[in-house]
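S.K.: Questions regarding the structure given below will be posed in turn.
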Number of protein chains: 2
Amino acid sequence: MHEQKRQLAILGSTGSIGTQALDVVRQHPESFEVYALTANNQVDLLIRQAREFLPEMVVIANESHYETLKAGLQDLPVKVWAGQEAVAQVVEAEPIDMVLTAMVGYSGLKPTIHAIKAGKTIALANKETLVIAGELITQLALEHRTPILPVDSEHSAIFQCLVGEGDNPIEKIWLTASGGPFRTFSKEQLQKVTKNEALKHPNWTMGAKVTIDSASLMNKGFEMIEAKWLFGVTPEQIQVLVHPQSIIHSMVQFEDASVKAQLGMPDMHLPIQYALAYPQRLPAPFERLDFQRFHTLTFEEPDTEKFRNLGFAYEAVRQSGNAPCILNAANEIVVAAFLNDQISFLAMSDVIEQTMAAVAFVAAPSYDDYVQTDAEARAKALEITHKISNSNLLV
Amino acid sequence: MHEQKRQLAILGSTGSIGTQALDVVRQHPESFEVYALTANNQVDLLIRQAREFLPEMVVIANESHYETLKAGLQDLPVKVWAGQEAVAQVVEAEPIDMVLTAMVGYSGLKPTIHAIKAGKTIALANKETLVIAGELITQLALEHRTPILPVDSEHSAIFQCLVGEGDNPIEKIWLTASGGPFRTFSKEQLQKVTKNEALKHPNWTMGAKVTIDSASLMNKGFEMIEAKWLFGVTPEQIQVLVHPQSIIHSMVQFEDASVKAQLGMPDMHLPIQYALAYPQRLPAPFERLDFQRFHTLTFEEPDTEKFRNLGFAYEAVRQSGNAPCILNAANEIVVAAFLNDQISFLAMSDVIEQTMAAVAFVAAPSYDDYVQTDAEARAKALEITHKISNSNLLV
């Protein structure tokens, strides 16, 4: 970059996306400077990161780690805070140019709203923010003229296909999906899958939550909702296409029948760097695509009878209002329960379905409505989860 | 288009590209107007086209058809000319915005030079112009600030992948090739292929010359040279990739390892319309890509031992100077001879090889040098062709 270094706030710096973002910064000290780092729980790693990148500020969301963090950085001129509120506040610091939202789940919503209001460019890795409150967020971004750059590989692919297209309308988005580790499983096989099987994604290395969401296709449902908001299309314009090799990261079809695609090895470093350096592409040592190895690319329709979550996502976004927020809250509960060996893989969808039916619909939710919906949906999903979990114990 | 209608000159209007360009104009009367039409020999079709599109001017290159043309349009206010010189002159007419160069072979060079000097945007379908005189043409276009928009489907694909990329350098171009009708043939089978077999392209419907060039992979060699000039890359940066389904029309790899591709059904209407309407994409009824039908895309290396022409093209562009001009002239002769049943499919490469060795190399040719090289190479290629042809008769 020829301008001065881009000042970054990395929220969720100890997670999968956060650490890979710091890899990118490490490779390009001429382009980036880390102004703020925040993490939820991993205080030791946060201390190591802060010692390496010397940000102005660090925040640990879980306040019980505050003293450890403070002690670990006492010899350095780094400001140290703790708590969820502090995360939402550091993003407003004047020198920050761009906020990478790489935390997991609902917790991304509030800091993202603060960052948008402060006029910071958002590199959005926390898709749940748009799933929960897409209308609110895109409206705010419009008002504050804040660009939202996608980090998810699929949305980065779509974004890369759209640069330079000006006002040419999108006819259709082909949202590609690996299909996850259980793509070819029968319903009977799905009944018995374990946590460890679900955590083995065939192509991508990601955090636990998104890996389970990938196995259940909820991740693709969330991405469909995210794409709707990022690119201003209807759900009907977004077609999920299973592509087991994960080489084509998504495609855009225009009104002249032309389709553009972005391809590459499945490596999150690329879309992270693209968002951080946009509109420039920085030279990078990432593995190049090898068509001798990937000589066959295949496509198939997703099976929404086996993977019901994808249908729930379309249903939620069609209902709109607080429905996607309910969907997300229920999903956060069931994924945690599944990772905790409390419910089976297929039962996750049952809980989500029942939660969506049980929580009151709000057509035009305010921020406070989202907060309340989230709390209510979590409570309801927990209750249903326990019921299912107990009934299984009895069997 | 919101501005006034784009005024077009269509050179080679009765050929495959020319007639498809007129299909596009017919669909979008709000965007285009035909100012000039030129054809080589097909006077009856040219008359019908002129009666439909009412251009200001028409030219028939073959002067023997002048009276027929004149008589066929006598009731209309259309100016009628004949001869190669007239083709090169009509493109200079002041109202013309864009010149589509859709004639075949060497004959495209001179009118293209005239059009560039007159500041007309070039929609380049005549790839031989850049094969023969790429340095001269790109230098002229730079001096006269004349955009050259590619019409070839591969180059259109690359161009579509590059819009919006600003100064981001190209790392590599993946130039896709169907492999032609003889992709899986052995050398022994290739020895015996007939004209009719060579004229059956598996995916594309095109003119006879380019169809034979596709079967022999000379077309891909020419496209490699064309890509070098259009996109300012070295031949080493262009990798030909055989992709038998012809769905991915080519790809660009950037320095961050990201690859962008353009896909679609094999239909020349799309790249023609893209060039004519650029930067706008006009809505069009062209067939949409169907991933249920094209559920498997494959890639393989080209076999340059069986298809020697591709190697000749790399060799010619590495030598530079008048070498590509010799290559093209020899190829025009052998394709005509093959279509005339005078030489075999594989003998085409032998004649080209011998002609390239026989004609004197000129390192920095002027326009006149190109004219002389072309004449000399044709004479030499004809001589070698007759020798081979006669020796075959004796066997």
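Here's how to read the names in the structure tokens: chain A, B, ... by the order shown, residue numbers from 1 in each chain, ligand numbers from 1 in the order shown.
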Restrict the distance test to only C-alpha atoms, flag each residue of chain A within 6 Å of chain B, and return the flagged residues as a list in words.

M.R.: Val163, Gly164, Asn168, Glu255, Asp256, Ala257, Ser258, Val259, Lys260, Ala261, Gln262, Leu263, Gly264, Arg281, Leu282, Pro283, Ala284, Arg288, His295, Thr296, Leu297, Thr298 and Phe299 of chain A

S.K.: Could you find all residues in range 210-364 of chain A that DSSP calls alpha helix (DSSP H) from the backbone, and write them as a PyMOL selection string?

M.R.: chain A and resi 210-215+218-231+269-277+308-319+323-339+347-358

S.K.: Write out as a ChimeraX atom specification each polymer residue whose atoms come within 12 Å of Phe312 in chain B, counting only C-alpha atoms; drop sequence neighbours fewer than 5 positions from it.

M.R.: /B:216-222,224-225,304-305,307,317-320,323-324,326-328,330-331,348-357

S.K.: Please identify all polymer residues within 8 Å of range 12-28 of chain A, counting only C-alpha atoms, omitting same-chain residues fewer than 4 positions from it, and present them as a list of chain:residue names.

M.R.: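 Returned residues: A:Phe32, A:Glu33, A:Val34, A:Leu37, A:Thr38, A:Ala39, A:Asn40, A:Gln42, A:Leu45, A:Leu46, A:Thr101, A:Ala102, A:Met103, A:Val104, A:Ala125, A:Met206, A:Gly207, A:Met268, A:His269, A:Ile272, A:Gln273.
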
S.K.: For the selection just defined, write its residues with C-alpha atoms to a file, as an mmCIF file, in the first residue's frame.

M.R.:
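Result file result-v5.cif:
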data_model
loop_
_atom_site.group_PDB
_atom_site.id
_atom_site.type_symbol
_atom_site.label_atom_id
_atom_site.label_comp_id
_atom_site.auth_asym_id
_atom_site.auth_seq_id
_atom_site.Cartn_x
_atom_site.Cartn_y
_atom_site.Cartn_z
ATOM 1 C CA PHE A 32 -0.609 -3.154 8.375
ATOM 2 C CA GLU A 33 -0.281 -2.205 11.996
ATOM 3 C CA VAL A 34 -2.241 -3.808 14.833
ATOM 4 C CA LEU A 37 -6.533 -7.085 19.854
ATOM 5 C CA THR A 38 -9.425 -8.680 21.692
ATOM 6 C CA ALA A 39 -10.070 -12.259 22.772
ATOM 7 C CA ASN A 40 -12.658 -14.107 24.751
ATOM 8 C CA GLN A 42 -7.380 -17.543 25.600
ATOM 9 C CA LEU A 45 -2.134 -16.623 23.506
ATOM 10 C CA LEU A 46 -3.443 -13.060 23.686
ATOM 11 C CA THR A 101 -14.867 -9.055 13.418
ATOM 12 C CA ALA A 102 -13.590 -12.584 13.952
ATOM 13 C CA MET A 103 -15.372 -13.559 17.146
ATOM 14 C CA VAL A 104 -17.877 -16.404 17.206
ATOM 15 C CA ALA A 125 -15.819 -12.663 9.563
ATOM 16 C CA MET A 206 -11.767 -23.883 10.968
ATOM 17 C CA GLY A 207 -12.985 -23.329 14.510
ATOM 18 C CA MET A 268 -8.683 -18.750 4.742
ATOM 19 C CA HIS A 269 -5.506 -16.651 4.605
ATOM 20 C CA ILE A 272 -8.641 -12.569 5.029
ATOM 21 C CA GLN A 273 -5.767 -10.841 3.250
#

S.K.: Please run DSSP on the backbone and report, as a list in words, all residues within range 247-321 of chain A that come out as strand (DSSP E).

M.R.: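 Here is the list: Ile248, His249, Ser250, Met251, Val252, Gln253, Phe254, Val259, Lys260, Ala261, Gln262, Leu263, Thr296, Leu297 and Thr298 of chain A.
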
S.K.: I'd like the contact shell of Leu382 in chain A - 7 Å cut-off, only C-alpha atoms, skipping same-chain residues fewer than 4 positions apart - returned as a PyMOL selection string.

M.R.: chain A and resi 333+378+386

S.K.: Can you tell me which residues surround Lys200 in chain B at a distance of at most 9 Å, considering only C-alpha atoms, apart from same-chain residues fewer than 2 positions away, and format the answer as a list of chain:residue names?

M.R.: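 Once the nearby chain positions are removed, what remains is B:Gly180, B:Pro181, B:Lys195, B:Asn196, B:Glu197, B:Ala198, B:Pro202, B:Asn203, B:Trp204, B:Thr205, B:Thr211, B:Ile212, B:Ala215.
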